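One file, data-v3.txt, is given below (compact mmCIF, C-alpha atoms).
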```
# COMPACT_ATOMS: atom_id res chain seq x y z
CA MET A 174 165.33 212.71 433.36
CA ASP A 175 162.56 215.00 432.23
CA LEU A 176 163.26 218.12 430.27
CA PRO A 177 164.31 221.02 432.44
CA ARG A 178 161.77 223.71 433.12
CA GLY A 179 162.85 227.29 433.01
CA GLU A 180 165.65 229.08 431.25
CA ALA A 181 168.22 228.53 433.98
CA ALA A 182 167.65 224.79 434.08
CA PHE A 183 167.79 224.60 430.32
CA LEU A 184 171.07 226.49 430.17
CA GLN A 185 172.45 224.17 432.82
CA LEU A 186 171.61 221.26 430.54
CA PHE A 187 173.34 223.10 427.71
CA ASP A 188 176.44 223.71 429.82
CA GLU A 189 176.65 220.02 430.73
CA HIS A 190 176.44 218.62 427.24
CA HIS A 191 177.20 221.18 424.58
CA ALA A 192 180.99 220.75 424.48
CA ALA A 193 180.84 217.01 423.83
CA LEU A 194 178.08 217.47 421.29
CA TYR A 195 180.04 220.19 419.55
CA ARG A 196 183.16 218.03 419.33
CA PHE A 197 181.10 215.13 418.02
CA ALA A 198 179.44 217.28 415.38
CA TYR A 199 182.74 218.83 414.40
CA ARG A 200 184.47 215.47 414.00
CA LEU A 201 181.57 214.11 411.98
CA THR A 202 181.23 217.07 409.65
CA GLY A 203 184.74 218.52 409.74
CA SER A 204 183.18 221.98 409.89
CA VAL A 205 183.16 224.43 412.77
CA ALA A 206 180.25 226.33 411.28
CA ASP A 207 178.18 223.18 410.79
CA ALA A 208 178.98 221.96 414.28
CA GLU A 209 177.78 225.24 415.78
CA GLU A 210 174.55 225.22 413.85
CA ILE A 211 173.87 221.57 414.60
CA VAL A 212 174.37 221.97 418.34
CA GLN A 213 172.27 225.11 418.43
CA GLU A 214 169.44 223.43 416.54
CA CYS A 215 169.76 220.33 418.66
CA PHE A 216 169.12 222.21 421.89
CA LEU A 217 166.44 224.52 420.58
CA GLY A 218 164.68 221.58 418.92
CA LEU A 219 164.41 219.98 422.31
CA LEU A 220 161.99 222.70 423.37
CA ARG A 221 159.75 222.50 420.34
CA PRO A 222 156.38 220.77 420.69
CA THR A 223 157.40 218.51 417.80
CA SER A 224 160.41 217.20 419.71
CA SER A 225 160.45 213.42 419.81
CA TYR A 226 162.36 213.30 423.08
CA ASP A 227 160.88 210.73 425.44
CA PRO A 228 162.54 210.52 428.85
CA LYS A 229 161.20 206.99 429.24
CA ARG A 230 163.17 205.78 426.24
CA ALA A 231 166.59 207.29 426.73
CA PRO A 232 168.53 209.77 428.86
CA VAL A 233 168.64 213.26 427.43
CA ARG A 234 172.39 212.98 426.70
CA THR A 235 171.81 209.89 424.55
CA TYR A 236 168.95 211.61 422.77
CA LEU A 237 171.04 214.72 422.09
CA PHE A 238 173.90 212.68 420.66
CA GLY A 239 171.40 210.89 418.44
CA VAL A 240 170.08 214.21 417.15
CA VAL A 241 173.56 215.55 416.48
CA ARG A 242 174.45 212.35 414.68
CA ASN A 243 171.37 212.51 412.45
CA GLN A 244 171.84 216.18 411.66
CA SER A 245 175.52 215.71 410.91
CA LEU A 246 174.85 212.80 408.58
CA LYS A 247 172.20 214.82 406.77
CA ARG A 248 174.69 217.60 406.16
CA LEU A 249 177.36 215.16 405.08
CA ARG A 250 175.04 213.69 402.50
CA ARG A 251 174.45 217.13 401.07
CA THR A 252 178.16 217.60 400.57
CA ASP A 253 180.16 214.89 398.83
CA PHE A 254 182.66 214.26 401.54
CA PRO A 255 183.84 216.10 404.58
CA GLU A 256 187.04 217.99 404.20
CA ALA A 257 189.61 217.31 406.86
CA PRO A 258 190.29 220.40 408.93
CA ALA A 259 193.22 222.24 407.40
CA ALA A 260 196.46 222.60 409.28
CA ASN A 261 197.03 226.16 410.36
CA GLY A 262 200.66 226.23 409.10
CA GLN A 263 202.56 227.71 411.99
CA SER A 264 206.17 228.65 411.26
CA PRO A 265 208.06 226.63 413.89
CA GLU A 266 208.91 223.22 412.50
CA SER A 267 207.54 221.29 415.46
CA GLU A 268 204.23 223.08 415.23
CA LEU A 269 204.10 222.35 411.54
CA LEU A 270 204.75 218.67 412.17
CA ARG A 271 202.13 218.56 414.92
CA ALA A 272 199.58 220.28 412.70
CA GLU A 273 200.41 217.92 409.87
CA LEU A 274 199.88 214.87 412.09
CA LYS A 275 196.61 216.30 413.31
CA ASP A 276 195.55 216.74 409.70
CA VAL A 277 196.62 213.22 408.84
CA VAL A 278 194.65 211.72 411.74
CA ALA A 279 191.60 213.77 410.86
CA ARG A 280 191.74 212.62 407.26
CA ALA A 281 192.24 209.01 408.32
CA VAL A 282 189.23 209.10 410.61
CA MET A 283 187.06 210.84 408.06
CA GLN A 284 187.93 208.34 405.42
CA LEU A 285 186.56 205.54 407.53
CA PRO A 286 183.18 204.21 406.45
CA GLU A 287 180.48 206.33 408.03
CA THR A 288 179.21 203.57 410.31
CA GLN A 289 182.69 202.92 411.71
CA ARG A 290 183.57 206.59 412.00
CA GLU A 291 180.64 207.40 414.26
CA VAL A 292 181.44 204.54 416.60
CA LEU A 293 185.12 205.42 416.76
CA ILE A 294 184.49 209.09 417.48
CA LEU A 295 182.03 208.33 420.26
CA ALA A 296 184.13 205.58 421.79
CA HIS A 297 187.58 207.15 421.54
CA TYR A 298 187.05 210.89 421.62
CA GLU A 299 183.94 211.05 423.82
CA GLN A 300 184.75 207.99 425.89
CA MET A 301 181.14 206.93 425.59
CA PRO A 302 180.32 203.44 426.89
CA LEU A 303 179.57 200.97 424.12
CA ASN A 304 176.04 200.28 425.33
CA GLU A 305 175.25 204.00 425.15
CA ILE A 306 176.71 204.15 421.65
CA ALA A 307 174.38 201.31 420.77
CA GLN A 308 171.46 203.43 422.01
CA VAL A 309 172.58 206.54 420.15
CA MET A 310 172.99 204.64 416.91
CA ASP A 311 170.09 202.30 417.50
CA LEU A 312 172.33 199.27 417.07
CA GLU A 313 172.95 195.99 418.85
CA LEU A 314 175.91 196.06 421.20
CA GLY A 315 177.63 193.39 419.14
CA ALA A 316 177.39 195.52 416.02
CA VAL A 317 178.96 198.44 417.87
CA LYS A 318 181.85 196.30 419.04
CA SER A 319 182.55 194.88 415.61
CA ARG A 320 182.38 198.31 413.96
CA LEU A 321 184.78 199.70 416.52
CA GLN A 322 187.20 196.84 416.00
CA ARG A 323 187.11 197.30 412.23
CA ALA A 324 187.61 201.03 412.57
CA ARG A 325 190.61 200.66 414.82
CA ALA A 326 192.10 197.97 412.62
CA GLY A 327 191.73 200.18 409.57
CA LEU A 328 193.30 203.15 411.33
CA LYS A 329 196.21 201.08 412.50
CA GLU A 330 196.97 200.28 408.89
CA THR A 331 196.46 203.82 407.65
CA LEU A 332 198.44 205.46 410.39
CA ALA A 333 201.12 202.78 410.81
CA ALA A 334 203.79 205.02 409.36
CA TYR A 335 203.13 207.64 412.01
CA ALA A 336 203.44 205.34 414.98
CA THR A 337 206.13 206.43 417.39
CA THR A 338 208.87 203.80 417.52
CA PRO A 339 210.54 203.03 420.85
CA GLU A 340 213.69 204.69 419.49
CA GLN A 341 211.78 207.87 418.68
CA LYS A 342 210.32 207.88 422.15
CA ARG A 343 213.82 207.79 423.63
CA MET B 6 200.92 199.32 415.98
CA THR B 7 199.54 198.69 419.42
CA ASP B 8 196.22 199.95 420.76
CA ASN B 9 198.04 202.46 422.94
CA GLU B 10 200.02 203.78 419.98
CA LEU B 11 196.84 204.18 418.00
CA ASP B 12 195.18 206.01 420.89
CA GLU B 13 198.14 208.37 421.13
CA ILE B 14 198.01 209.18 417.44
CA LEU B 15 194.23 209.63 417.49
CA ASP B 16 194.60 212.09 420.35
CA LYS B 17 196.57 214.37 418.05
CA TRP B 18 193.31 215.32 416.41
CA THR B 19 191.95 217.84 418.85
CA ALA B 20 188.69 219.59 418.32
CA PRO B 21 188.50 223.37 418.41
CA SER B 22 187.02 224.88 421.53
CA VAL B 23 183.38 225.81 421.48
CA PRO B 24 182.82 229.41 420.40
CA SER B 25 181.58 231.47 423.33
CA SER B 26 178.89 232.91 421.09
CA LEU B 27 177.12 229.54 420.89
CA ARG B 28 175.65 229.75 424.37
CA ALA B 29 174.42 233.27 423.74
CA ARG B 30 172.82 232.21 420.47
CA VAL B 31 171.03 229.29 422.08
CA ARG B 32 169.86 231.54 424.88
CA ALA B 33 168.61 234.11 422.40
CA GLY B 34 166.73 231.37 420.58
CA LEU B 35 164.79 230.31 423.66
CA PRO B 36 161.09 230.92 423.14
CA ALA B 37 160.87 233.57 425.84
CA PRO B 38 158.06 235.59 424.22
CA GLN B 39 155.94 232.46 423.88
CA ARG B 40 156.52 231.56 427.48
CA ARG B 41 155.54 235.04 428.51
CA THR B 42 152.44 234.80 426.34
CA PHE B 43 151.56 231.50 427.93
CA ARG B 44 151.90 232.98 431.36
CA TRP B 45 149.83 235.94 430.30
CA ARG B 46 147.16 233.65 428.89
CA GLY B 47 147.17 231.56 432.04
CA SER B 48 146.74 234.67 434.13
CA PHE B 49 144.00 235.90 431.85
CA VAL B 50 142.08 232.64 432.11
CA ALA B 51 142.44 232.60 435.89
CA ALA B 52 141.29 236.21 436.08
CA ALA B 53 138.35 235.49 433.79
CA ILE B 54 137.27 232.55 435.93
CA LEU B 55 137.50 234.62 439.08
CA ALA B 56 135.64 237.51 437.49
CA GLY B 57 132.95 235.12 436.23
CA ALA B 58 132.54 233.56 439.65
CA ALA B 59 132.29 236.98 441.28
CA PHE B 60 129.80 238.12 438.67
CA PHE B 61 127.52 235.15 439.19
CA LEU B 62 127.76 235.56 442.94
CA ILE B 63 126.65 239.19 442.62
CA LEU B 64 123.98 238.18 440.15
CA THR B 65 122.49 235.50 442.36
CA GLN B 66 122.45 237.93 445.26
CA ALA B 67 120.84 240.66 443.19
CA PHE B 68 118.23 238.38 441.62
CA PRO B 69 117.46 235.62 444.07
CA GLN B 70 115.26 232.70 443.16
CA SER B 71 111.65 233.10 444.01
CA THR B 72 110.94 232.54 447.66
CA VAL B 73 107.27 231.90 446.95
CA ALA B 74 106.17 228.67 448.59
CA VAL B 75 105.24 226.01 446.08
CA PRO B 76 101.83 224.61 447.06
CA TRP B 77 101.86 221.91 444.43
CA THR B 78 103.83 220.59 441.50
CA VAL B 79 102.77 218.53 438.53
CA ASP B 80 104.68 215.67 436.96
CA SER B 81 104.00 215.56 433.23
CA GLU B 82 105.03 213.67 430.14
CA PHE B 83 105.54 215.15 426.70
CA LEU B 84 104.42 212.96 423.83
CA ARG B 85 105.30 213.31 420.16
CA TYR B 86 102.96 211.69 417.64
CA ALA B 87 103.94 210.32 414.26
CA ASP B 88 101.74 210.56 411.18
CA ASP B 89 100.55 206.99 411.73
CA GLY B 90 99.28 207.91 415.20
CA SER B 91 102.05 206.16 417.15
CA SER B 92 103.56 208.12 419.99
CA SER B 93 106.83 208.34 421.83
CA ILE B 94 107.67 209.97 425.12
CA GLU B 95 109.85 212.98 424.48
CA MET B 96 110.38 214.26 427.99
CA TYR B 97 109.25 214.10 431.59
CA SER B 98 108.95 217.27 433.60
CA THR B 99 108.06 218.59 437.01
CA SER B 100 106.63 222.10 437.07
CA TYR B 101 104.29 224.47 438.84
CA GLU B 102 102.43 227.66 438.07
CA PRO B 103 102.33 230.32 440.76
CA ASN B 104 100.82 233.17 438.79
CA GLY B 105 99.80 232.01 435.38
CA ASN B 106 103.23 231.17 434.08
CA GLU B 107 104.45 227.64 434.15
CA ILE B 108 107.80 227.23 435.79
CA LEU B 109 109.87 224.18 435.06
CA LEU B 110 111.65 222.66 438.03
CA SER B 111 113.25 219.62 436.44
CA ARG B 112 113.10 217.53 433.32
CA SER B 113 114.55 214.36 431.88
CA VAL B 114 114.63 212.55 428.58
CA PRO B 115 113.86 208.85 428.96
CA GLY B 116 116.64 206.57 427.72
CA ASN B 117 118.93 209.49 426.94
CA PRO B 118 121.07 210.46 429.93
CA PHE B 119 123.26 212.65 427.72
CA LYS B 120 120.36 214.76 426.51
CA THR B 121 118.99 214.84 430.05
CA ALA B 122 122.31 216.21 431.26
CA LEU B 123 122.30 218.81 428.49
CA LEU B 124 118.78 219.94 429.31
CA ARG B 125 119.56 220.17 433.00
CA ALA B 126 122.64 222.21 432.20
CA ALA B 127 120.43 224.46 430.08
CA ASP B 128 118.01 224.73 433.03
CA VAL B 129 120.86 226.09 435.11
CA VAL B 130 122.03 228.51 432.46
CA MET B 131 118.68 229.74 431.18
CA PRO B 132 117.55 231.51 434.36
CA ILE B 133 120.89 233.29 434.50
CA HIS B 134 120.58 234.22 430.84
CA MET B 135 117.07 235.47 431.35
CA ARG B 136 118.00 237.48 434.42
CA LEU B 137 120.75 239.07 432.40
CA GLY B 138 118.22 239.74 429.69
CA ARG B 139 116.17 241.87 432.05
CA LEU B 140 119.19 244.06 432.62
CA MET B 141 119.50 244.70 428.91
CA VAL B 142 115.86 245.33 428.03
CA ASP B 143 114.42 248.83 428.07
CA SER B 144 112.45 249.37 431.29
CA LYS B 145 109.24 250.49 429.53
CA LEU B 146 109.33 247.47 427.27
CA LEU B 147 109.88 245.34 430.32
CA GLU B 148 106.81 246.79 432.04
CA GLN B 149 104.68 246.09 428.97
CA ARG B 150 106.03 242.57 428.85
CA ASP B 151 105.34 242.00 432.53
CA ARG B 152 101.76 243.17 432.11
CA ALA B 153 101.29 240.79 429.19
CA VAL B 154 102.83 237.95 431.12
CA ALA B 155 100.41 238.47 433.95
CA ARG B 156 97.60 237.63 431.56
CA GLY B 157 99.36 235.03 429.48
CA LEU B 158 100.24 231.42 429.75
CA GLY B 159 103.94 230.97 429.76
CA PHE B 160 106.60 228.39 429.96
CA ILE B 161 109.77 229.27 431.70
CA THR B 162 112.69 227.45 433.19
CA GLY B 163 113.88 227.76 436.71
CA CYS B 164 112.81 231.24 437.78
CA ASP B 165 109.60 233.15 438.02
CA PRO B 166 108.56 235.98 435.71
CA GLN B 167 109.25 238.63 438.32
CA THR B 168 112.95 237.96 438.00
CA CYS B 169 113.24 236.39 434.57
CA LEU B 170 112.38 237.14 431.00
CA LEU B 171 109.50 234.87 430.14
CA LEU B 172 109.38 232.32 427.36
CA THR B 173 105.77 232.53 426.34
CA HIS B 174 104.74 229.47 424.44
CA THR B 175 101.07 229.96 423.84
CA GLY B 176 100.15 233.60 423.86
CA PHE B 177 96.85 232.52 425.38
CA LEU B 178 95.10 235.27 427.33
CA LYS B 179 93.44 234.58 430.64
CA ASP B 180 90.38 236.13 432.04
CA PRO B 181 91.58 239.24 433.85
CA ALA B 182 88.62 239.08 436.27
CA GLY B 183 89.85 235.72 437.48
CA ALA B 184 86.40 234.15 437.88
CA SER B 185 87.29 231.56 435.33
CA CYS B 186 90.48 230.52 433.66
CA THR B 187 89.40 232.14 430.45
CA ASP B 188 86.87 234.48 428.94
CA GLN B 189 87.00 232.54 425.72
CA ALA B 190 84.66 229.78 424.65
CA ILE B 191 85.00 226.58 426.61
CA VAL B 192 85.31 223.70 424.17
CA ASP B 193 85.50 220.87 426.70
CA ARG B 194 85.26 220.12 430.38
CA ALA B 195 87.01 217.11 431.86
CA MET B 196 88.27 215.65 435.14
CA ILE B 197 92.00 215.11 435.01
CA LEU B 198 93.68 213.52 438.03
CA ASN B 199 90.56 214.39 440.03
CA TYR B 200 90.82 218.07 439.15
CA PRO B 201 88.09 219.69 437.08
CA THR B 202 89.39 221.37 433.96
CA GLU B 203 87.98 223.61 431.29
CA ALA B 204 89.44 223.57 427.83
CA VAL B 205 90.02 226.36 425.37
CA ARG B 206 91.25 226.04 421.83
CA GLU B 207 93.05 228.41 419.55
CA ARG B 208 95.10 228.50 416.41
CA TRP B 209 98.80 228.40 417.16
CA THR B 210 100.00 228.35 413.58
CA GLU B 211 98.31 228.84 410.24
CA HIS B 212 97.87 225.07 409.95
CA GLY B 213 97.75 224.08 413.58
CA ARG B 214 95.69 224.46 416.73
CA GLN B 215 96.20 223.77 420.36
CA THR B 216 93.86 222.91 423.17
CA LEU B 217 94.54 223.48 426.86
CA TRP B 218 92.68 221.80 429.71
CA MET B 219 93.19 224.19 432.62
CA ALA B 220 92.45 223.44 436.26
CA PRO B 221 91.03 226.45 438.18
CA GLU B 222 91.95 224.79 441.46
CA LEU B 223 95.58 224.72 440.37
CA GLY B 224 95.88 228.34 439.32
CA CYS B 225 94.70 227.43 435.82
CA PHE B 226 97.63 225.13 435.29
CA ALA B 227 97.12 223.23 432.03
CA LEU B 228 96.97 219.58 433.04
CA LYS B 229 96.74 218.65 429.39
CA ILE B 230 97.85 220.40 426.24
CA THR B 231 97.44 219.05 422.74
CA LYS B 232 98.73 220.42 419.49
CA GLU B 233 97.16 219.30 416.27
CA GLU B 234 98.19 219.86 412.69
CA GLU B 235 95.74 220.40 409.88
CA ARG B 236 95.70 217.99 406.97
CA PRO B 237 95.01 219.23 403.42
CA ASP B 238 91.45 217.92 403.69
CA GLY B 239 90.79 220.18 406.68
CA THR B 240 90.86 217.49 409.37
CA PHE B 241 93.38 217.57 412.24
CA HIS B 242 95.78 214.97 413.55
CA LEU B 243 97.50 214.94 416.90
CA ALA B 244 101.15 215.99 416.73
CA PHE B 245 102.07 216.71 420.33
CA ALA B 246 100.62 216.35 423.79
CA LYS B 247 101.60 217.28 427.29
CA GLN B 248 99.83 215.14 429.83
CA ALA B 249 99.86 215.47 433.62
CA LEU B 250 100.76 212.22 435.37
CA LYS B 251 100.62 213.24 439.01
CA VAL B 252 99.86 216.28 441.14
CA ASN B 253 102.11 216.63 444.18
CA VAL B 254 100.43 218.71 446.89
CA ASN B 255 102.74 220.48 449.34
CA PRO B 256 105.86 219.07 447.82
CA VAL B 257 109.32 219.55 449.23
CA LYS B 258 110.42 223.07 448.40
CA PRO B 259 112.30 223.00 445.07
```

What does the file become when written as structure tokens?
Amino acid sequence: MDLPRGEAAFLQLFDEHHAALYRFAYRLTGSVADAEEIVQECFLGLLRPTSSYDPKRAPVRTYLFGVVRNQSLKRLRRTDFPEAPAANGQSPESELLRAELKDVVARAVMQLPETQREVLILAHYEQMPLNEIAQVMDLELGAVKSRLQRARAGLKETLAAYATTPEQKR
Amino acid sequence: MTDNELDEILDKWTAPSVPSSLRARVRAGLPAPQRRTFRWRGSFVAAAILAGAAFFLILTQAFPQSTVAVPWTVDSEFLRYADDGSSSIEMYSTSYEPNGNEILLSRSVPGNPFKTALLRAADVVMPIHMRLGRLMVDSKLLEQRDRAVARGLGFITGCDPQTCLLLTHTGFLKDPAGASCTDQAIVDRAMILNYPTEAVRERWTEHGRQTLWMAPELGCFALKITKEEERPDGTFHLAFAKQALKVNVNPVKP
């Protein structure tokens, strides 16, 4: 797919992809502000003459995810480590527990090694096919699979205590 | 923990919704002014091309090429001489001389198609430039120039002196009575391509002289021109020559 011509076509491209890109950036950086800036830059950069986008090499969605990934990692390297999003501390107990679990999951994902975290976020949260993840990360498919397996195995250990037992479900 | 249990737990981490301001910010960041500039530039270029085409159309209608029939043309070669006397062909030309001013019809540089193309492009542009020049020159000055041209020996590309500014390359004055090609001293008489010629010589720079062999039967066209440079000992050596190769009588109209 070539780049869209005209403002309307460009905004249509934005509407199609910005939500997934925003979520990806947010989960990589843990920052709403960073995610906004990254997505904005990602789209505007597409229009610059210096843009490296080549429609012959990859679909625009894959390219955009690659840009968001690179920008997010750059920002992460500037800060020591991403902070997990804070729970918002609602007063009802259930809400508090839900927020706490959300916080726990976020911290667990963010504590994964960077290479595993990216794969897990794209595969689980964005439901991206593994071969597309391989393109975004410029990896072999086998490497993507092994990273995903390691990430899930690590999370199972970390989050084991939070697993819902059959009794709890009842 | 099963895969499904892990997926359920992972789903607890929801991402915040995208701020509505993001779309507006991206839209505001679109290079709209540049795109408008580009469009404006594109329009300007198109308008300039159209205006140029219209201008040249008007120009060619206002100053048409000479309709004078060409009774003959002369093919010539231009030779450049080195200090050791060796020569090389600099250019071939085809020209004629309807009223004392040589008019170039075509030229080529042997072995150099690029330079030939450049010269031919110049031959197209020069007449237009010279016609424009007439529009910009004071009318009295133009009259004086035209009178001088009528008595001079010129070299001009593509158009005659009635419609073009003339490039005079010799400043040589002809005999206004017209009985002979010149009222100056004849330094040589020779037959060139079966046409009788009479030669005159004059200084063309402080340390150079030129000689022209003019054919009365061809409107005093110079079938041969030489330019010589003076050595410190006062002798001259040949530096340049224009030599007629062929006279074409009643050629196809250029």

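Using only C-alpha atoms, the shortest contact distance between chain B and any of A:His190, A:Arg323, A:Lys329, A:Lys318 is found at A:Lys329.
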
*Taking into account all atoms listed in the file, which residue in the set A:Gln213, A:Ser224, A:Asn304, A:Gln322 is nearest to chain B?*
A:Gln213

_Show me, as number ranges by chain, the residues that have an atom within 6 Å of stretch 213-227 of chain B when counting only C-alpha atoms, minus same-chain residues fewer than 5 positions from it._
B: 186, 201-208, 232-235

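Shortest separation to chain B among A:Val278, A:Met283, A:Leu293, A:Val240 occurs at residue A:Val278, atoms counted being only C-alpha atoms.
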
*Counting only C-alpha atoms, collect the residues of chain A whose closest atom lies at most 10 Å from chain B, and write them out as a ChimeraX atom specification.*
/A:179-181,183-184,187-188,191-200,203,205-206,208-210,212-218,220-221,258,271-282,294,297-298,325-326,328-330,332-338

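In this model, the gap between atom CA of B:Arg112 and atom CA of B:Asn253 comes to 15.5 Å.
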
*Contacts of A:Thr235 at 8 Å or less, counting all atoms listed in the file, minus same-chain residues fewer than 5 places along, as number ranges by chain?*
A: 305, 308-309

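In this comparison, which uses all atoms listed in the file, the residue of A:Leu219, A:Ile211, A:Leu201, A:Ala231 approaching A:Leu246 most closely is A:Leu201.
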
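The spacing separating atom CA of B:Arg125 from atom CA of B:Leu55 amounts to 23.8 Å.
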
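Atom CA of B:Ile230 to atom CA of B:Arg85 spans 11.9 Å [interatomic distance, one decimal].
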
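Contact shell of A:Ala296 at 10 Å (all atoms listed in the file; same-chain neighbours under 6 positions omitted): Arg290, Pro302, Leu303, Glu305, Ile306, Val317, Lys318 and Leu321 of chain A.
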
Save the residues we just selected, C-alpha atoms, as a short mmCIF file (atom, residue, chain, number, x, y, z; two decimals), in the frame of the given file?
```cif
data_model
loop_
_atom_site.label_atom_id
_atom_site.label_comp_id
_atom_site.auth_asym_id
_atom_site.auth_seq_id
_atom_site.Cartn_x
_atom_site.Cartn_y
_atom_site.Cartn_z
CA ARG A 290 183.57 206.59 412.00
CA PRO A 302 180.32 203.44 426.89
CA LEU A 303 179.57 200.97 424.12
CA GLU A 305 175.25 204.00 425.15
CA ILE A 306 176.71 204.15 421.65
CA VAL A 317 178.96 198.44 417.87
CA LYS A 318 181.85 196.30 419.04
CA LEU A 321 184.78 199.70 416.52
#
```

*Could you tell me which of A:Ser245, A:Ala316, A:Ala307, A:Met301 comes closest to A:Ser204 if we count only C-alpha atoms?*
A:Ser245
